[in-house]
>>> print(open('final05.pdb').read())   # PDB, C-alpha atoms and all ligand atoms
MODEL        1
ATOM      1  CA  MET C 249       0.494 -17.585  -6.524
ATOM      2  CA  LYS C 250      -1.952 -18.111  -3.663
ATOM      3  CA  PHE C 251      -4.515 -15.405  -2.947
ATOM      4  CA  GLU C 252      -6.441 -14.737   0.227
ATOM      5  CA  ARG C 253      -8.801 -11.935   1.168
ATOM      6  CA  ALA C 254      -7.716  -9.779   4.142
ATOM      7  CA  GLU C 255      -9.994  -8.660   7.033
ATOM      8  CA  ILE C 256     -11.250  -6.024   4.603
ATOM      9  CA  ALA C 257     -12.205  -8.296   1.731
ATOM     10  CA  ASP C 258     -11.223  -5.999  -1.152
ATOM     11  CA  VAL C 259      -7.609  -6.080   0.071
ATOM     12  CA  VAL C 260      -5.890  -9.266  -1.067
ATOM     13  CA  VAL C 261      -2.822 -11.045   0.289
ATOM     14  CA  CYS C 262      -0.781 -12.728  -2.459
ATOM     15  CA  GLU C 263       1.758 -15.404  -1.648
ATOM     16  CA  PRO C 264       3.982 -16.780  -4.399
ATOM     17  CA  VAL C 265       4.892 -20.432  -4.716
ATOM     18  CA  VAL C 266       8.660 -20.557  -4.209
ATOM     19  CA  HIS C 267      10.656 -23.273  -5.999
ATOM     20  CA  GLY C 268      13.880 -23.813  -4.080
ATOM     21  CA  ASP C 269      16.821 -25.905  -5.272
ATOM     22  CA  ASP C 270      20.621 -26.100  -4.892
ATOM     23  CA  ARG C 271      21.032 -22.893  -6.878
ATOM     24  CA  GLY C 272      18.683 -20.812  -4.766
ATOM     25  CA  TYR C 273      15.031 -20.135  -5.554
ATOM     26  CA  PHE C 274      12.666 -19.204  -8.351
ATOM     27  CA  PHE C 275       9.190 -17.720  -8.103
ATOM     28  CA  GLU C 276       6.714 -15.949 -10.321
ATOM     29  CA  SER C 277       6.438 -12.521  -8.713
ATOM     30  CA  PHE C 278       3.556 -11.280 -10.880
ATOM     31  CA  ARG C 279       0.879 -13.005 -12.959
ATOM     32  CA  ILE C 280      -1.858 -10.658 -14.178
ATOM     33  CA  ASP C 281      -3.987 -13.598 -15.405
ATOM     34  CA  LYS C 282      -4.092 -15.247 -11.972
ATOM     35  CA  LEU C 283      -4.572 -11.986 -10.097
ATOM     36  CA  ALA C 284      -7.407 -10.947 -12.462
ATOM     37  CA  ASP C 285      -9.058 -14.374 -12.084
ATOM     38  CA  PHE C 286      -9.063 -13.996  -8.324
ATOM     39  CA  LEU C 287     -10.172 -10.347  -8.258
ATOM     40  CA  GLY C 288     -12.838 -10.682 -10.945
ATOM     41  CA  PHE C 289     -11.452  -7.638 -12.748
ATOM     42  CA  LYS C 290      -8.158  -6.812 -14.393
ATOM     43  CA  PRO C 291      -6.113  -3.924 -13.019
ATOM     44  CA  GLU C 292      -3.934  -2.454 -15.772
ATOM     45  CA  PHE C 293      -0.644  -1.717 -14.073
ATOM     46  CA  VAL C 294       1.186   1.106 -15.860
ATOM     47  CA  GLN C 295       3.956   2.207 -13.479
ATOM     48  CA  ASP C 296       6.506   0.410 -11.287
ATOM     49  CA  ASN C 297       8.012   2.184  -8.266
ATOM     50  CA  GLU C 298      10.875   1.381  -5.922
ATOM     51  CA  SER C 299      11.940   3.107  -2.716
ATOM     52  CA  LYS C 300      14.720   2.442  -0.247
ATOM     53  CA  SER C 301      14.325   3.427   3.385
ATOM     54  CA  SER C 302      16.068   2.922   6.687
ATOM     55  CA  ARG C 303      14.576   1.612   9.920
ATOM     56  CA  GLY C 304      11.813   3.791  11.317
ATOM     57  CA  VAL C 305      10.987   5.453   7.991
ATOM     58  CA  LEU C 306       7.215   5.795   7.766
ATOM     59  CA  ARG C 307       5.783   6.727   4.362
ATOM     60  CA  GLY C 308       2.062   7.437   4.205
ATOM     61  CA  LEU C 309      -0.795   7.322   4.415
ATOM     62  CA  HIS C 310      -1.225   8.246   0.751
ATOM     63  CA  PHE C 311      -3.800   8.038  -2.037
ATOM     64  CA  GLN C 312      -4.593   9.799  -5.310
ATOM     65  CA  LEU C 313      -8.031  11.206  -6.051
ATOM     66  CA  PRO C 314     -10.115  10.042  -9.017
ATOM     67  CA  PRO C 315      -9.700  10.108 -11.976
ATOM     68  CA  HIS C 316      -6.098   9.363 -10.960
ATOM     69  CA  ALA C 317      -6.936   6.838  -8.206
ATOM     70  CA  GLN C 318      -4.451   3.965  -8.008
ATOM     71  CA  SER C 319      -4.561   0.288  -7.122
ATOM     72  CA  LYS C 320      -1.222  -0.862  -5.743
ATOM     73  CA  LEU C 321       0.454  -4.244  -5.732
ATOM     74  CA  VAL C 322       3.203  -3.922  -3.149
ATOM     75  CA  ARG C 323       6.088  -6.086  -1.981
ATOM     76  CA  VAL C 324       9.451  -5.936  -0.207
ATOM     77  CA  ILE C 325      12.605  -7.139  -1.922
ATOM     78  CA  GLU C 326      14.998  -6.397   0.922
ATOM     79  CA  GLY C 327      14.245  -6.134   4.644
ATOM     80  CA  GLU C 328      10.882  -6.020   6.404
ATOM     81  CA  VAL C 329       8.066  -3.506   6.669
ATOM     82  CA  LEU C 330       4.661  -3.271   8.254
ATOM     83  CA  ASP C 331       2.336  -2.405   5.405
ATOM     84  CA  VAL C 332      -1.014  -0.704   6.032
ATOM     85  CA  ALA C 333      -4.101  -0.045   3.903
ATOM     86  CA  VAL C 334      -6.967   2.154   5.155
ATOM     87  CA  ASP C 335     -10.500   2.108   3.726
ATOM     88  CA  MET C 336     -11.291   5.663   2.540
ATOM     89  CA  ARG C 337     -14.664   4.806   0.948
ATOM     90  CA  LYS C 338     -17.378   6.800   2.669
ATOM     91  CA  GLY C 339     -20.387   4.571   3.252
ATOM     92  CA  SER C 340     -18.287   1.410   3.344
ATOM     93  CA  PRO C 341     -18.979  -0.796   6.405
ATOM     94  CA  THR C 342     -15.200  -0.783   6.980
ATOM     95  CA  PHE C 343     -14.675   2.966   6.379
ATOM     96  CA  GLY C 344     -11.704   4.184   8.457
ATOM     97  CA  GLN C 345     -10.620   0.636   9.272
ATOM     98  CA  SER C 346      -7.223  -0.728   8.302
ATOM     99  CA  VAL C 347      -5.424  -3.880   7.244
ATOM    100  CA  SER C 348      -1.831  -4.394   8.449
ATOM    101  CA  LEU C 349       0.519  -7.040   7.132
ATOM    102  CA  LEU C 350       4.218  -7.787   7.581
ATOM    103  CA  LEU C 351       5.910  -7.873   4.186
ATOM    104  CA  SER C 352       9.497  -9.030   3.922
ATOM    105  CA  ALA C 353      12.100 -10.309   1.505
ATOM    106  CA  GLU C 354      11.820 -13.541   3.456
ATOM    107  CA  ASN C 355       8.043 -14.130   3.431
ATOM    108  CA  LYS C 356       7.747 -12.731  -0.141
ATOM    109  CA  LYS C 357       4.118 -11.758   0.497
ATOM    110  CA  GLN C 358       2.451  -9.074  -1.576
ATOM    111  CA  LEU C 359      -0.584  -6.954  -0.867
ATOM    112  CA  PHE C 360      -3.111  -5.834  -3.473
ATOM    113  CA  ILE C 361      -4.628  -2.541  -2.338
ATOM    114  CA  PRO C 362      -7.563  -1.374  -4.471
ATOM    115  CA  ARG C 363      -8.544   2.140  -5.473
ATOM    116  CA  GLY C 364     -10.365   3.796  -2.579
ATOM    117  CA  PHE C 365      -7.713   2.982   0.021
ATOM    118  CA  ALA C 366      -4.900   5.003   1.592
ATOM    119  CA  HIS C 367      -1.571   3.229   1.861
ATOM    120  CA  GLY C 368       1.538   3.486   4.010
ATOM    121  CA  PHE C 369       4.320   1.472   5.558
ATOM    122  CA  ILE C 370       6.993   1.589   8.250
ATOM    123  CA  VAL C 371      10.413  -0.045   7.968
ATOM    124  CA  LEU C 372      11.160  -2.525  10.758
ATOM    125  CA  SER C 373      14.542  -3.803   9.488
ATOM    126  CA  GLU C 374      17.789  -1.788   9.277
ATOM    127  CA  LYS C 375      16.887  -0.983   5.687
ATOM    128  CA  ALA C 376      14.178  -1.975   3.233
ATOM    129  CA  ILE C 377      13.650  -1.850  -0.499
ATOM    130  CA  PHE C 378       9.981  -1.498  -1.346
ATOM    131  CA  SER C 379       8.718  -2.264  -4.829
ATOM    132  CA  TYR C 380       5.215  -1.749  -6.208
ATOM    133  CA  LYS C 381       3.038  -1.508  -9.246
ATOM    134  CA  VAL C 382       0.297   1.086  -9.701
ATOM    135  CA  ASP C 383      -2.537   1.099 -12.222
ATOM    136  CA  ASN C 384      -2.648   4.850 -12.795
ATOM    137  CA  TYR C 385       0.197   7.288 -13.341
ATOM    138  CA  TYR C 386       1.563   9.531 -10.616
ATOM    139  CA  ASN C 387      -0.334  12.802 -10.600
ATOM    140  CA  GLN C 388       1.047  15.262  -8.106
ATOM    141  CA  SER C 389      -2.008  17.515  -7.909
ATOM    142  CA  SER C 390      -4.231  14.505  -7.089
ATOM    143  CA  GLU C 391      -2.035  13.364  -4.185
ATOM    144  CA  ARG C 392      -3.778  13.329  -0.822
ATOM    145  CA  GLY C 393      -3.174  11.698   2.525
ATOM    146  CA  VAL C 394      -4.384  11.052   6.008
ATOM    147  CA  ALA C 395      -2.419  11.232   9.252
ATOM    148  CA  TYR C 396      -0.544   8.063  10.228
ATOM    149  CA  ASN C 397      -1.512   8.652  13.867
ATOM    150  CA  ASP C 398      -5.209   9.407  13.424
ATOM    151  CA  PRO C 399      -6.781   8.157  16.668
ATOM    152  CA  SER C 400      -9.931   6.946  14.901
ATOM    153  CA  ILE C 401      -7.858   4.693  12.603
ATOM    154  CA  ASN C 402      -5.571   3.724  15.507
ATOM    155  CA  ILE C 403      -2.753   1.907  13.689
ATOM    156  CA  ASP C 404      -0.167   0.024  15.746
ATOM    157  CA  TRP C 405       3.054   0.897  13.872
ATOM    158  CA  HIS C 406       5.125  -1.574  15.955
ATOM    159  CA  LEU C 407       7.987   0.903  16.687
ATOM    160  CA  MET C 408       8.333   3.631  19.311
ATOM    161  CA  LYS C 409       7.340   7.100  18.096
ATOM    162  CA  ASP C 410      10.858   8.507  18.686
ATOM    163  CA  GLU C 411      12.154   6.119  15.992
ATOM    164  CA  PHE C 412       9.833   7.437  13.279
ATOM    165  CA  LEU C 413      11.416   9.209  10.302
ATOM    166  CA  MET C 414       8.895  11.000   8.108
ATOM    167  CA  SER C 415       8.754  13.618   5.366
ATOM    168  CA  THR C 416       7.534  17.061   6.373
ATOM    169  CA  LYS C 417       4.626  16.535   3.973
ATOM    170  CA  ASP C 418       3.560  13.356   5.789
ATOM    171  CA  GLN C 419       3.859  14.959   9.231
ATOM    172  CA  ARG C 420       1.286  17.546   8.152
ATOM    173  CA  LEU C 421      -1.378  15.229   6.761
ATOM    174  CA  PRO C 422      -4.922  15.846   8.054
ATOM    175  CA  LEU C 423      -6.987  13.698  10.374
ATOM    176  CA  LEU C 424      -9.595  11.499   8.704
ATOM    177  CA  GLU C 425     -12.426  13.736   9.963
ATOM    178  CA  ASP C 426     -10.788  16.665   8.144
ATOM    179  CA  VAL C 427     -10.287  14.854   4.828
ATOM    180  CA  THR C 428     -12.956  16.429   2.640
ATOM    181  CA  GLU C 429     -12.326  14.610  -0.654
ATOM    182  CA  LEU C 430     -13.171  10.980   0.009
ATOM    183  CA  PHE C 431     -14.100   8.019  -2.137
ATOM    184  CA  SER C 432     -17.671   6.733  -2.134
ATOM    185  CA  SER C 433     -18.587   3.108  -1.490
ATOM    186  CA  THR C 434     -21.268   3.291  -4.193
ATOM    187  CA  VAL C 435     -18.938   4.289  -7.052
ATOM    188  CA  ASN C 436     -16.905   1.781  -9.061
ATOM    189  CA  TYR C 437     -13.548   3.508  -9.530
ATOM    190  CA  TYR C 438     -12.537   0.980 -12.208
ATOM    191  CA  ASP C 439     -15.168   2.149 -14.722
TER     192      ASP C 439
HETATM  193  C1  LIG C 501       4.953   8.639  -5.679
HETATM  194  C2  LIG C 501       5.846   9.342  -6.709
HETATM  195  C3  LIG C 501       6.745  10.317  -6.303
HETATM  196  N1  LIG C 501       7.521  10.958  -7.208
HETATM  197  C4  LIG C 501       8.474  11.971  -6.747
HETATM  198  C5  LIG C 501       7.859  13.118  -5.973
HETATM  199  C6  LIG C 501       8.946  13.480  -4.981
HETATM  200  O1  LIG C 501       9.861  14.393  -5.573
HETATM  201  C7  LIG C 501       9.688  12.175  -4.730
HETATM  202  C8  LIG C 501       9.292  11.501  -3.420
HETATM  203  O2  LIG C 501       7.863  11.439  -3.379
HETATM  204  P1  LIG C 501       7.083  11.055  -2.050
HETATM  205  O3  LIG C 501       7.710  11.753  -0.892
HETATM  206  O4  LIG C 501       5.622  11.311  -2.283
HETATM  207  O5  LIG C 501       7.382   9.493  -1.964
HETATM  208  P2  LIG C 501       6.719   8.414  -0.994
HETATM  209  O6  LIG C 501       6.447   9.051   0.322
HETATM  210  O7  LIG C 501       7.537   7.214  -1.040
HETATM  211  O8  LIG C 501       5.313   8.184  -1.711
HETATM  212  C9  LIG C 501       4.785   6.891  -1.832
HETATM  213  O9  LIG C 501       4.369   6.455  -0.550
HETATM  214  C10 LIG C 501       3.738   5.177  -0.527
HETATM  215  C11 LIG C 501       3.299   4.908   0.894
HETATM  216  C12 LIG C 501       2.673   5.022  -1.529
HETATM  217  O10 LIG C 501       1.635   4.395  -1.310
HETATM  218  C13 LIG C 501       2.967   5.572  -2.884
HETATM  219  O11 LIG C 501       1.816   5.592  -3.694
HETATM  220  C14 LIG C 501       3.604   6.929  -2.809
HETATM  221  O12 LIG C 501       2.637   7.875  -2.363
HETATM  222  O13 LIG C 501       9.375  11.319  -5.837
HETATM  223  C15 LIG C 501       7.447  10.636  -8.551
HETATM  224  O14 LIG C 501       8.182  11.225  -9.392
HETATM  225  N2  LIG C 501       6.577   9.662  -8.955
HETATM  226  C16 LIG C 501       5.772   9.001  -8.082
HETATM  227  O15 LIG C 501       4.992   8.100  -8.512
ENDMDL
END
>>> encode(input="final05.pdb", output="structure tokens", more="lines below")
Ligand SMILES: Cc1cn([C@H]2C[C@H](O)[C@@H](COP(=O)(O)OP(=O)(O)O[C@H]3O[C@@H](C)C(=O)[C@@H](O)[C@H]3O)O2)c(=O)[nH]c1=O
Amino acid sequence: MKFERAEIADVVVCEPVVHGDDRGYFFESFRIDKLADFLGFKPEFVQDNESKSSRGVLRGLHFQLPPHAQSKLVRVIEGEVLDVAVDMRKGSPTFGQSVSLLLSAENKKQLFIPRGFAHGFIVLSEKAIFSYKVDNYYNQSSERGVAYNDPSINIDWHLMKDEFLMSTKDQRLPLLEDVTELFSSTVNYYD
């Protein structure tokens, strides 16, 4: 697995080494030892999630509040999505900024999104299967979000707005300036 820091350095792009032969391919899709070596700490993933969505489905931007904050290690096993992570750490020099990366079954890239970030994605292919690990259990009452179209975050979602398919919950998420429960850049949410 090759690791590279994104424009926001705490977000990490992971690219597996793919061994192709006559039968097809083989790759290690997850190695906690190598990821922990690169990060300098060891996220303890406790839950795996999978979702299937059709083109234009936009899920996000979501996060869970501490003490239920989650790191996510995300990938696509069928199709292609634009994946987005937004820095929600007040006081961070990159607060409100985002990282966007194309993830597909073809490029096999993964994104590590630490605690303190909101996460979302839009499906660019006819259909996509999205698979991810989280290092804290789902906790419904800690779920929060920020609007996908917040002008201060200004994400280019690659598709026309009339193609977007979203949950009612996601259509009602607040603007960043109205999100009252934020992370702090001075707190280590892994302690
Ligand atoms: C996220 C989640 C949802 N659910 C349930 C709640 C609900 O009935 C149903 C669908 O939930 P949602 O509409 O919140 O699913 P979805 O919009 O796919 O939520 C996900 O979006 C992406 C962008 C993320 O980053 C994830 O962390 C998660 O928030 O599944 C669980 O049981 N466990 C979970 O971990």
>>> resolve_selection(input="final05.pdb", expression="the PyMOL selection byres (((not hetatm)) within 8 of (chain C and resi 501))", output="list in words")
Gln295, Asn297, Ser299, Leu306, Arg307, Gly308, Leu309, His310, Phe311, Gln312, Gln318, Lys320, Ala366, His367, Gly368, Phe369, Val382, Tyr385, Tyr386, Asn387, Gln388, Glu391, Ser415, Lys417 and Asp418 of chain C
>>> write_last_selection(input="final05.pdb", atoms="C-alpha atoms", output="CSV table (one decimal), in the coordinates of the input")
chain,number,residue,atom,x,y,z
C,295,GLN,CA,4.0,2.2,-13.5
C,297,ASN,CA,8.0,2.2,-8.3
C,299,SER,CA,11.9,3.1,-2.7
C,306,LEU,CA,7.2,5.8,7.8
C,307,ARG,CA,5.8,6.7,4.4
C,308,GLY,CA,2.1,7.4,4.2
C,309,LEU,CA,-0.8,7.3,4.4
C,310,HIS,CA,-1.2,8.2,0.8
C,311,PHE,CA,-3.8,8.0,-2.0
C,312,GLN,CA,-4.6,9.8,-5.3
C,318,GLN,CA,-4.5,4.0,-8.0
C,320,LYS,CA,-1.2,-0.9,-5.7
C,366,ALA,CA,-4.9,5.0,1.6
C,367,HIS,CA,-1.6,3.2,1.9
C,368,GLY,CA,1.5,3.5,4.0
C,369,PHE,CA,4.3,1.5,5.6
C,382,VAL,CA,0.3,1.1,-9.7
C,385,TYR,CA,0.2,7.3,-13.3
C,386,TYR,CA,1.6,9.5,-10.6
C,387,ASN,CA,-0.3,12.8,-10.6
C,388,GLN,CA,1.0,15.3,-8.1
C,391,GLU,CA,-2.0,13.4,-4.2
C,415,SER,CA,8.8,13.6,5.4
C,417,LYS,CA,4.6,16.5,4.0
C,418,ASP,CA,3.6,13.4,5.8
>>> residues_around(input="final05.pdb", residues="Val324 of chain C", least_positions_apart="6", cutoff="9 Å", atoms="all atoms listed in the file", output="list in words")
Leu351, Ser352, Ala353, Glu354, Lys356, Lys357, Gln358, Ala376, Ile377, Phe378, Ser379 and Tyr380 of chain C
>>> atom_distance(input="final05.pdb", atom1="atom CA of Ala254 of chain C", atom2="atom CA of Asp285 of chain C")
16.9 Å
>>> residues_near_point(input="final05.pdb", point="(0.4, 10.9, 10.9)", cutoff="9 Å", atoms="all atoms listed in the file", output="PyMOL selection string")
chain C and resi 308-309+394-398+414+418-423
>>> residues_around(input="final05.pdb", residues="Ser319 of chain C", least_positions_apart="2", cutoff="9 Å", atoms="only C-alpha atoms", output="ChimeraX atom specification")
/C:291,293,317,321,360-365,381-384
>>> resolve_selection(input="final05.pdb", expression="the PyMOL selection byres (((chain C and resi 287) around 12) and not hetatm)", output="PDB file with C-alpha atoms, keeping the file's coordinate frame")
ATOM      1  CA  PHE C 251      -4.515 -15.405  -2.947  1.00  0.00           C
ATOM      2  CA  GLU C 252      -6.441 -14.737   0.227  1.00  0.00           C
ATOM      3  CA  ARG C 253      -8.801 -11.935   1.168  1.00  0.00           C
ATOM      4  CA  ALA C 257     -12.205  -8.296   1.731  1.00  0.00           C
ATOM      5  CA  ASP C 258     -11.223  -5.999  -1.152  1.00  0.00           C
ATOM      6  CA  VAL C 259      -7.609  -6.080   0.071  1.00  0.00           C
ATOM      7  CA  VAL C 260      -5.890  -9.266  -1.067  1.00  0.00           C
ATOM      8  CA  VAL C 261      -2.822 -11.045   0.289  1.00  0.00           C
ATOM      9  CA  CYS C 262      -0.781 -12.728  -2.459  1.00  0.00           C
ATOM     10  CA  ILE C 280      -1.858 -10.658 -14.178  1.00  0.00           C
ATOM     11  CA  ASP C 281      -3.987 -13.598 -15.405  1.00  0.00           C
ATOM     12  CA  LYS C 282      -4.092 -15.247 -11.972  1.00  0.00           C
ATOM     13  CA  LEU C 283      -4.572 -11.986 -10.097  1.00  0.00           C
ATOM     14  CA  ALA C 284      -7.407 -10.947 -12.462  1.00  0.00           C
ATOM     15  CA  ASP C 285      -9.058 -14.374 -12.084  1.00  0.00           C
ATOM     16  CA  PHE C 286      -9.063 -13.996  -8.324  1.00  0.00           C
ATOM     17  CA  GLY C 288     -12.838 -10.682 -10.945  1.00  0.00           C
ATOM     18  CA  PHE C 289     -11.452  -7.638 -12.748  1.00  0.00           C
ATOM     19  CA  LYS C 290      -8.158  -6.812 -14.393  1.00  0.00           C
ATOM     20  CA  PRO C 291      -6.113  -3.924 -13.019  1.00  0.00           C
ATOM     21  CA  PHE C 360      -3.111  -5.834  -3.473  1.00  0.00           C
ATOM     22  CA  ILE C 361      -4.628  -2.541  -2.338  1.00  0.00           C
ATOM     23  CA  PRO C 362      -7.563  -1.374  -4.471  1.00  0.00           C
TER      24      PRO C 362
END
>>> atom_distance(input="final05.pdb", atom1="atom CA of Phe343 of chain C", atom2="atom CA of Ile403 of chain C")
14.0 Å
